[in-house]
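**Student:** Take a look at target-v2.txt, compact mmCIF, C-alpha atoms and all ligand atoms:
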# COMPACT_ATOMS: atom_id res chain seq x y z
CA GLU V 1 155.77 169.37 124.69
CA ILE V 2 156.15 168.89 128.41
CA ASP V 3 154.40 170.08 131.55
CA SER V 4 157.43 171.92 132.92
CA THR V 5 161.12 171.47 132.17
CA ASN V 6 161.83 172.20 135.85
CA SER V 7 159.56 169.40 137.02
CA LYS V 8 161.17 166.96 134.58
CA ALA V 9 164.71 168.00 135.56
CA TYR V 10 163.79 167.64 139.24
CA GLU V 11 162.49 164.14 138.60
CA LEU V 12 165.66 163.20 136.67
CA ALA V 13 167.88 164.62 139.41
CA MET V 14 166.00 162.61 142.03
CA GLU V 15 166.78 159.53 139.94
CA GLY V 16 170.47 160.43 139.99
CA ALA V 17 171.00 162.44 136.78
CA GLU V 18 174.41 164.04 136.58
CA GLU V 19 175.39 167.67 136.85
CA GLY V 20 175.02 169.42 133.53
CA GLU V 21 172.06 167.45 132.25
CA VAL V 22 169.70 169.81 130.41
CA VAL V 23 165.98 169.50 129.74
CA VAL V 24 164.72 171.67 126.89
CA ALA V 25 161.22 171.84 125.43
CA GLU V 26 159.41 173.32 122.44
CA SER V 27 156.49 174.23 124.69
CA GLN V 28 155.25 173.79 128.23
CA THR V 29 151.69 173.13 129.31
CA ARG V 30 152.40 174.08 132.92
CA GLY V 31 155.39 176.39 132.69
CA ARG V 32 156.01 177.63 136.21
CA GLY V 33 157.02 180.95 137.70
CA ARG V 34 157.72 181.57 141.38
CA LEU V 35 155.03 181.23 144.08
CA GLY V 36 152.76 179.08 141.94
CA ARG V 37 152.61 181.63 139.13
CA GLN V 38 152.54 180.59 135.48
CA TRP V 39 155.09 181.06 132.72
CA PHE V 40 153.51 181.59 129.32
CA SER V 41 155.26 179.01 127.09
CA PRO V 42 153.91 178.89 123.51
CA PRO V 43 155.43 176.39 121.03
CA TYR V 44 158.31 176.89 118.59
CA VAL V 45 159.15 180.52 119.32
CA ASN V 46 161.07 180.66 122.58
CA LEU V 47 163.46 178.85 124.85
CA TYR V 48 162.48 176.87 127.95
CA LEU V 49 165.25 175.00 129.65
CA SER V 50 166.29 173.54 132.98
CA ILE V 51 169.78 172.52 134.01
CA ILE V 52 170.75 170.17 136.81
CA LEU V 53 173.62 171.46 138.96
CA ARG V 54 175.30 169.73 141.87
CA PRO V 55 177.58 172.43 143.27
CA GLN V 56 179.64 171.61 146.35
CA ILE V 57 178.64 174.74 148.22
CA PRO V 58 176.73 175.33 151.47
CA PRO V 59 172.96 175.77 151.06
CA HIS V 60 173.11 179.43 152.15
CA GLN V 61 175.09 180.16 148.98
CA ALA V 62 172.46 178.63 146.72
CA SER V 63 171.07 182.01 145.74
CA MET V 64 174.45 182.82 144.17
CA MET V 65 173.37 180.35 141.50
CA THR V 66 170.34 182.52 140.71
CA LEU V 67 172.52 185.60 140.44
CA MET V 68 175.04 183.69 138.32
CA ALA V 69 172.29 182.47 135.97
CA ALA V 70 170.85 185.98 135.65
CA VAL V 71 174.28 187.35 134.69
CA ALA V 72 174.84 184.56 132.14
CA THR V 73 171.39 185.09 130.62
CA ALA V 74 171.91 188.86 130.41
CA GLU V 75 175.21 188.31 128.66
CA ALA V 76 173.67 185.80 126.21
CA ILE V 77 170.90 188.28 125.38
CA GLN V 78 173.38 191.05 124.75
CA SER V 79 175.77 189.01 122.66
CA SER V 80 173.05 187.52 120.47
CA SER V 81 170.97 190.66 119.94
CA GLY V 82 173.18 193.65 120.71
CA LEU V 83 170.51 194.83 123.16
CA ARG V 84 171.47 195.49 126.76
CA PRO V 85 169.02 194.00 129.28
CA THR V 86 168.78 194.99 132.91
CA ILE V 87 168.46 192.52 135.74
CA LYS V 88 165.62 193.20 138.17
CA TRP V 89 166.09 191.60 141.56
CA PRO V 90 165.85 188.76 142.11
CA ASN V 91 165.29 186.98 138.82
CA ASP V 92 163.85 189.05 135.98
CA LEU V 93 165.54 190.27 132.84
CA LEU V 94 164.07 193.37 131.28
CA LEU V 95 164.34 195.12 127.93
CA SER V 96 162.74 198.58 127.69
CA GLY V 97 161.34 197.98 131.19
CA ARG V 98 159.50 194.81 130.11
CA LYS V 99 160.21 191.24 131.06
CA VAL V 100 162.07 189.27 128.41
CA ALA V 101 163.25 186.37 130.58
CA GLY V 102 162.62 184.82 133.97
CA LEU V 103 164.48 182.38 136.19
CA LEU V 104 163.09 179.74 138.48
CA ASN V 105 165.71 178.00 140.56
CA GLU V 106 164.72 175.13 142.79
CA LEU V 107 166.84 173.71 145.54
CA HIS V 108 166.94 170.22 146.98
CA SER V 109 169.13 170.11 150.06
CA GLU V 110 169.74 169.09 153.64
CA ALA V 111 170.65 171.63 156.30
CA ASP V 112 174.32 171.52 155.40
CA GLN V 113 174.50 169.96 151.96
CA ILE V 114 173.00 170.70 148.57
CA HIS V 115 171.81 167.63 146.68
CA PHE V 116 171.03 169.55 143.51
CA ILE V 117 169.77 172.81 142.12
CA ILE V 118 167.50 173.08 139.12
CA LEU V 119 168.21 176.20 137.13
CA GLY V 120 165.09 176.98 135.10
CA ILE V 121 165.32 179.66 132.44
CA GLY V 122 162.65 180.96 130.08
CA VAL V 123 163.58 183.50 127.40
CA ASN V 124 161.09 185.14 125.05
CA LEU V 125 162.92 185.07 121.76
CA ASN V 126 160.41 185.34 118.94
CA THR V 127 157.05 185.96 120.63
CA GLU V 128 155.03 188.64 118.90
CA VAL V 129 152.97 191.17 120.86
CA ARG V 130 149.63 189.72 119.79
CA MET V 131 150.64 186.24 121.02
CA PHE V 132 150.98 187.33 124.66
CA PRO V 133 147.88 186.85 126.81
CA LYS V 134 146.23 190.20 127.59
CA GLU V 135 147.23 190.17 131.26
CA ILE V 136 150.93 190.27 130.46
CA ARG V 137 150.95 192.06 127.10
CA GLY V 138 151.88 195.40 128.65
CA LYS V 139 154.71 194.03 130.76
CA ALA V 140 156.29 191.32 128.62
CA THR V 141 158.50 191.57 125.57
CA SER V 142 160.74 189.43 123.35
CA LEU V 143 164.01 189.87 121.50
CA ARG V 144 162.07 189.92 118.25
CA ILE V 145 159.82 192.75 119.44
CA GLU V 146 162.74 194.81 120.72
CA LYS V 147 165.04 194.19 117.82
CA GLY V 148 162.54 194.11 114.98
CA GLU V 149 163.89 190.80 113.69
CA GLY V 150 163.84 187.18 114.72
CA VAL V 151 166.50 185.33 116.67
CA SER V 152 167.67 181.77 115.97
CA ARG V 153 166.65 179.62 118.92
CA LYS V 154 169.42 177.14 118.27
CA GLU V 155 172.12 179.81 118.26
CA PHE V 156 170.70 181.50 121.32
CA PHE V 157 170.57 178.16 123.14
CA GLN V 158 174.24 177.49 122.29
CA THR V 159 175.27 180.98 123.40
CA LEU V 160 173.38 180.65 126.67
CA LEU V 161 174.93 177.28 127.52
CA LYS V 162 178.37 178.78 126.92
CA THR V 163 177.78 181.87 129.06
CA LEU V 164 176.31 179.69 131.82
CA GLU V 165 179.26 177.32 131.77
CA ASN V 166 181.65 180.26 131.81
CA TRP V 167 179.99 182.07 134.75
CA TYR V 168 179.57 178.81 136.68
CA SER V 169 183.33 178.23 136.44
CA ILE V 170 184.08 181.88 137.31
CA PHE V 171 182.08 181.33 140.51
CA PHE V 172 184.32 178.42 141.52
CA ARG V 173 187.52 180.11 140.42
CA GLU V 174 186.98 183.60 141.79
CA GLY V 175 184.18 183.20 144.29
CA ALA V 176 181.00 185.11 145.02
CA PRO V 177 182.43 188.66 144.66
CA ALA V 178 183.00 188.18 140.91
CA ILE V 179 179.36 187.19 140.45
CA LEU V 180 178.07 189.97 142.70
CA ASN V 181 180.07 192.61 140.83
CA ALA V 182 178.87 191.44 137.45
CA TRP V 183 175.30 191.29 138.75
CA ARG V 184 175.54 194.88 140.07
CA GLY V 185 176.68 196.04 136.63
CA TRP V 186 173.58 194.62 134.95
CA ALA V 187 171.12 195.55 137.67
CA ASN V 188 171.90 199.22 138.26
CA LEU V 189 169.98 198.91 141.50
CA GLN V 190 171.90 201.00 143.99
CA GLY V 191 170.06 204.12 145.12
CA ARG V 192 166.83 203.37 143.29
CA LEU V 193 163.47 203.88 144.93
CA VAL V 194 161.63 200.60 145.07
CA ARG V 195 158.43 199.09 146.29
CA ILE V 196 158.80 195.49 147.43
CA THR V 197 156.08 192.97 148.09
CA SER V 198 157.42 190.24 150.33
CA PHE V 199 155.32 187.59 152.10
CA GLY V 200 152.22 189.80 151.87
CA ASP V 201 153.94 192.96 153.18
CA THR V 202 154.69 196.02 151.09
CA LEU V 203 157.85 197.95 151.82
CA ILE V 204 158.98 201.18 150.21
CA GLY V 205 162.51 202.49 150.35
CA LYS V 206 165.83 202.95 148.68
CA ALA V 207 167.72 199.93 147.41
CA ILE V 208 171.22 200.01 148.86
CA ASP V 209 172.79 196.88 147.42
CA ILE V 210 172.58 193.12 147.34
CA ASP V 211 174.22 191.11 150.07
CA SER V 212 176.65 188.25 149.60
CA ASP V 213 173.77 185.79 150.04
CA GLY V 214 171.67 187.50 147.37
CA ALA V 215 169.39 189.36 149.81
CA LEU V 216 168.34 192.86 148.82
CA ILE V 217 169.35 195.53 151.33
CA LEU V 218 166.64 198.14 151.60
CA GLU V 219 166.73 201.45 153.47
CA THR V 220 163.18 202.18 154.57
CA MET V 221 161.73 205.68 155.16
CA ASP V 222 162.69 205.57 158.86
CA GLY V 223 166.35 205.22 157.86
CA LYS V 224 166.61 201.60 158.96
CA GLN V 225 168.19 198.97 156.79
CA ARG V 226 166.40 195.71 156.17
CA ARG V 227 167.44 192.57 154.35
CA ILE V 228 164.83 191.18 151.99
CA LEU V 229 165.27 187.53 151.14
CA ALA V 230 162.44 187.06 148.66
CA GLY V 231 159.84 189.20 147.00
CA ASP V 232 158.79 191.21 143.98
CA VAL V 233 160.21 194.61 143.17
CA GLU V 234 158.66 197.58 141.40
CA TYR V 235 160.68 200.65 140.66
CA SER V 236 158.88 203.69 142.07
CA GLY V 237 158.55 206.91 140.11
CA GLU V 238 159.01 205.28 136.69
C1 LIG J 301 159.60 183.78 136.74
O1 LIG J 301 158.65 183.74 137.71
O2 LIG J 301 159.93 184.76 136.12
C2 LIG J 301 160.25 182.44 136.45
C3 LIG J 301 159.99 181.94 135.07
C4 LIG J 301 160.78 180.69 134.78
C5 LIG J 301 160.33 180.01 133.53
C6 LIG J 301 161.21 178.86 133.15
S1 LIG J 301 160.83 178.21 131.59
C7 LIG J 301 161.81 176.82 131.87
C8 LIG J 301 161.61 176.43 133.32
N1 LIG J 301 160.49 175.52 133.48
C9 LIG J 301 159.49 176.06 134.17
O3 LIG J 301 158.41 175.49 134.45
N2 LIG J 301 159.83 177.31 134.56
C10 LIG J 301 161.17 177.66 134.12
P1 LIG J 301 157.95 185.01 138.37
O4 LIG J 301 158.99 186.00 138.78
O5 LIG J 301 157.03 184.45 139.38
O6 LIG J 301 157.15 185.67 137.17
C11 LIG J 301 155.94 185.11 136.69
C12 LIG J 301 155.10 186.27 136.15
O7 LIG J 301 155.68 186.77 134.94
C13 LIG J 301 153.69 185.85 135.77
O8 LIG J 301 152.83 185.95 136.87
C14 LIG J 301 153.34 186.84 134.67
O9 LIG J 301 152.92 188.08 135.21
C15 LIG J 301 154.67 187.07 133.99
N3 LIG J 301 154.87 186.18 132.83
C16 LIG J 301 154.38 184.93 132.61
N4 LIG J 301 154.83 184.42 131.46
C17 LIG J 301 155.64 185.36 130.92
C18 LIG J 301 156.42 185.41 129.75
N5 LIG J 301 156.49 184.41 128.87
N6 LIG J 301 157.13 186.55 129.53
C19 LIG J 301 157.11 187.58 130.39
N7 LIG J 301 156.39 187.59 131.51
C20 LIG J 301 155.66 186.49 131.80
Show me, as structure tokens, the structure contained in the file I just sent.
Ligand code: BT5

**Tutor:**
Amino acid sequence: EIDSTNSKAYELAMEGAEEGEVVVAESQTRGRGRLGRQWFSPPYVNLYLSIILRPQIPPHQASMMTLMAAVATAEAIQSSSGLRPTIKWPNDLLLSGRKVAGLLNELHSEADQIHFIILGIGVNLNTEVRMFPKEIRGKATSLRIEKGEGVSRKEFFQTLLKTLENWYSIFFREGAPAILNAWRGWANLQGRLVRITSFGDTLIGKAIDIDSDGALILETMDGKQRRILAGDVEYSGE
């Protein structure tokens, strides 16, 4: 049991831990989402991990690591369960419209150099509906719920590390376009009507695409295009 695998990985990275070091826990007492939100992390059923990366890329490309991790996690979910998740910008993985996994990536950098990135991934593998707290029961799911049978955490963990390693090396070999294309295939975002909450504002419009820096390009009702760097998306009309 640990407070948060991301906090521990951050601490280790500050002490000089090498790229590729992984922190994994049976449960978290303070599992973290974005913006101070919580990640429900009960013991023995799921996967909570954080990986230390030290990519030699400019800080403005750091969000490619989030997209890369989302693609790798989607692929791991599909290959270990046969179910096809969708990616919801920027960092959710959904099955049947419900969240099965979330990503929390934290960056430590200077203006022109990344020191490290912590890739935090939580996947609901064997949670049962009644285990989820009431507030998230209607919007969260697990592989077990969707598939009707349990998933081996050890095998899923191995699969995920392989897909991550593979997509991380694809990024360096082929560059951002390979990641962006794969991400588009899982996200099915283009043309969808969305409502975005970003820094306290709500914007409604049509999602056009994601940009090479991971920003979401939104066409608002007045026909103008805006780039959204961070926020939460809801699909309208669904
Ligand atoms: C995320 O935040 O989705 C990022 C979650 C990252 C968790 C991993 S676990 C390993 C590593 N160590 C950590 O401490 N964190 C990372 P966000 O997009 O802000 O979504 C959080 C919201 O999702 C919450 O406010 C709830 O509504 C919902 N939620 C919380 N726990 C959930 C769960 N287990 N499954 C599905 N939804 C959940």

**Student:** Go through the chains and note each residue within 7 Å of ligand LIG 301 (chain J), using all atoms listed in the file, then give the set as a PyMOL selection string.

**Tutor:** chain V and resi 4-7+30-35+37-41+48-50+91-92+99-104+120-122+124+136+139-141

**Student:** Quick one: residues within 8 Å of V:Asp209, only C-alpha atoms counted, chain neighbours fewer than 6 positions away excluded, as a ChimeraX atom specification?

**Tutor:** /V:189-190,216-218

**Student:** Using all atoms listed in the file, which of the listed residues (V:Ala230, V:Leu164, V:Leu93, V:Leu125) sits closest to V:Ala69?

**Tutor:**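 Distance minimum relative to V:Ala69 lands on V:Leu164.
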
**Student:** What separation in Å, quoted to one decimal, exists between atom CA of V:Glu234 and atom CA of V:Thr197?

**Tutor:** 8.5 Å

**Student:** Please report the interatomic distance between atom CA of V:Gly231 and atom CA of V:Ala207 in Å with one decimal.

**Tutor:**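 Taking atom CA of V:Gly231 as the start and atom CA of V:Ala207 as the end point, the length is 13.3 Å.
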
**Student:** Stretch 16-18 of chain V: which residues within 9 Å, counting all atoms listed in the file, same-chain residues fewer than 6 positions away excluded, as a list in words?

**Tutor:**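 Once the nearby chain positions are removed, what remains is Ala9, Ile52, Leu53 and Arg54 of chain V.
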
**Student:** Given the selection you just returned, output its residues as a file containing C-alpha atoms, formatted as a compact mmCIF listing (two decimals), in the coordinates of the input.

**Tutor:**
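Saved result, part_37.txt, follows:
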# COMPACT_ATOMS: atom_id res chain seq x y z
CA ALA V 9 164.71 168.00 135.56
CA ILE V 52 170.75 170.17 136.81
CA LEU V 53 173.62 171.46 138.96
CA ARG V 54 175.30 169.73 141.87

**Student:** Closest to V:Leu12 among V:Ser79, V:Trp186, V:Pro43, V:Ile117, using all atoms listed in the file?

**Tutor:**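 Ranked by minimum distance to V:Leu12, first place goes to V:Ile117.
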
**Student:** One number please: atom CA of V:Val123 to atom CA of V:Ala74, in Å, one decimal.

**Tutor:**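 Going from atom CA of V:Val123 over to atom CA of V:Ala74 covers 10.4 Å.
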
**Student:** Considering all atoms listed in the file, return as an NGL selection string whatever protein or nucleic-acid residues lie within 9 Å of V:Ser152, sequence-local ones (same chain, fewer than 3 positions apart) excluded.

**Tutor:** :V and (125-126 or 155-157)

**Student:** Counting all atoms listed in the file, figure out which residue out of V:Ile145, V:Ile51, V:Ala215, V:Met68 gets nearest to V:Glu106.

**Tutor:**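 Of V:Ile145, V:Ile51, V:Ala215, V:Met68, the one nearest V:Glu106, counting all atoms listed in the file, is V:Ile51.
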
**Student:** Considering all atoms listed in the file, state which residue in the set V:Gln61, V:Asn46, V:Asp232, V:Lys224 is at the smallest distance from V:Gly175.

**Tutor:**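 With all atoms listed in the file as the atom set, the closest residue is V:Gln61.
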
**Student:** Go through V:Val71, V:Arg192, V:His60, V:Gln78 one by one, measure the shortest atom-to-atom distance of each to V:Ala178 using only C-alpha atoms, and give the residue with the smallest value.

**Tutor:**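 Of V:Val71, V:Arg192, V:His60, V:Gln78, the one nearest V:Ala178 is V:Val71, counting only C-alpha atoms.
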
**Student:** Determine the nearest neighbour of V:Gly185 from the options V:Ile87, V:Leu119, V:Val151, V:Val233, counting all atoms listed in the file.

**Tutor:**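 The closest residue to V:Gly185 is V:Ile87.
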
**Student:** Determine, counting all atoms listed in the file, every residue of protein, DNA or RNA that lies within 12 Å of (176.9, 177.9, 133.0) in the file coordinates, then give the result as a ChimeraX atom specification.

**Tutor:** /V:19-22,50-53,55,65-73,75-76,119,121,157-172
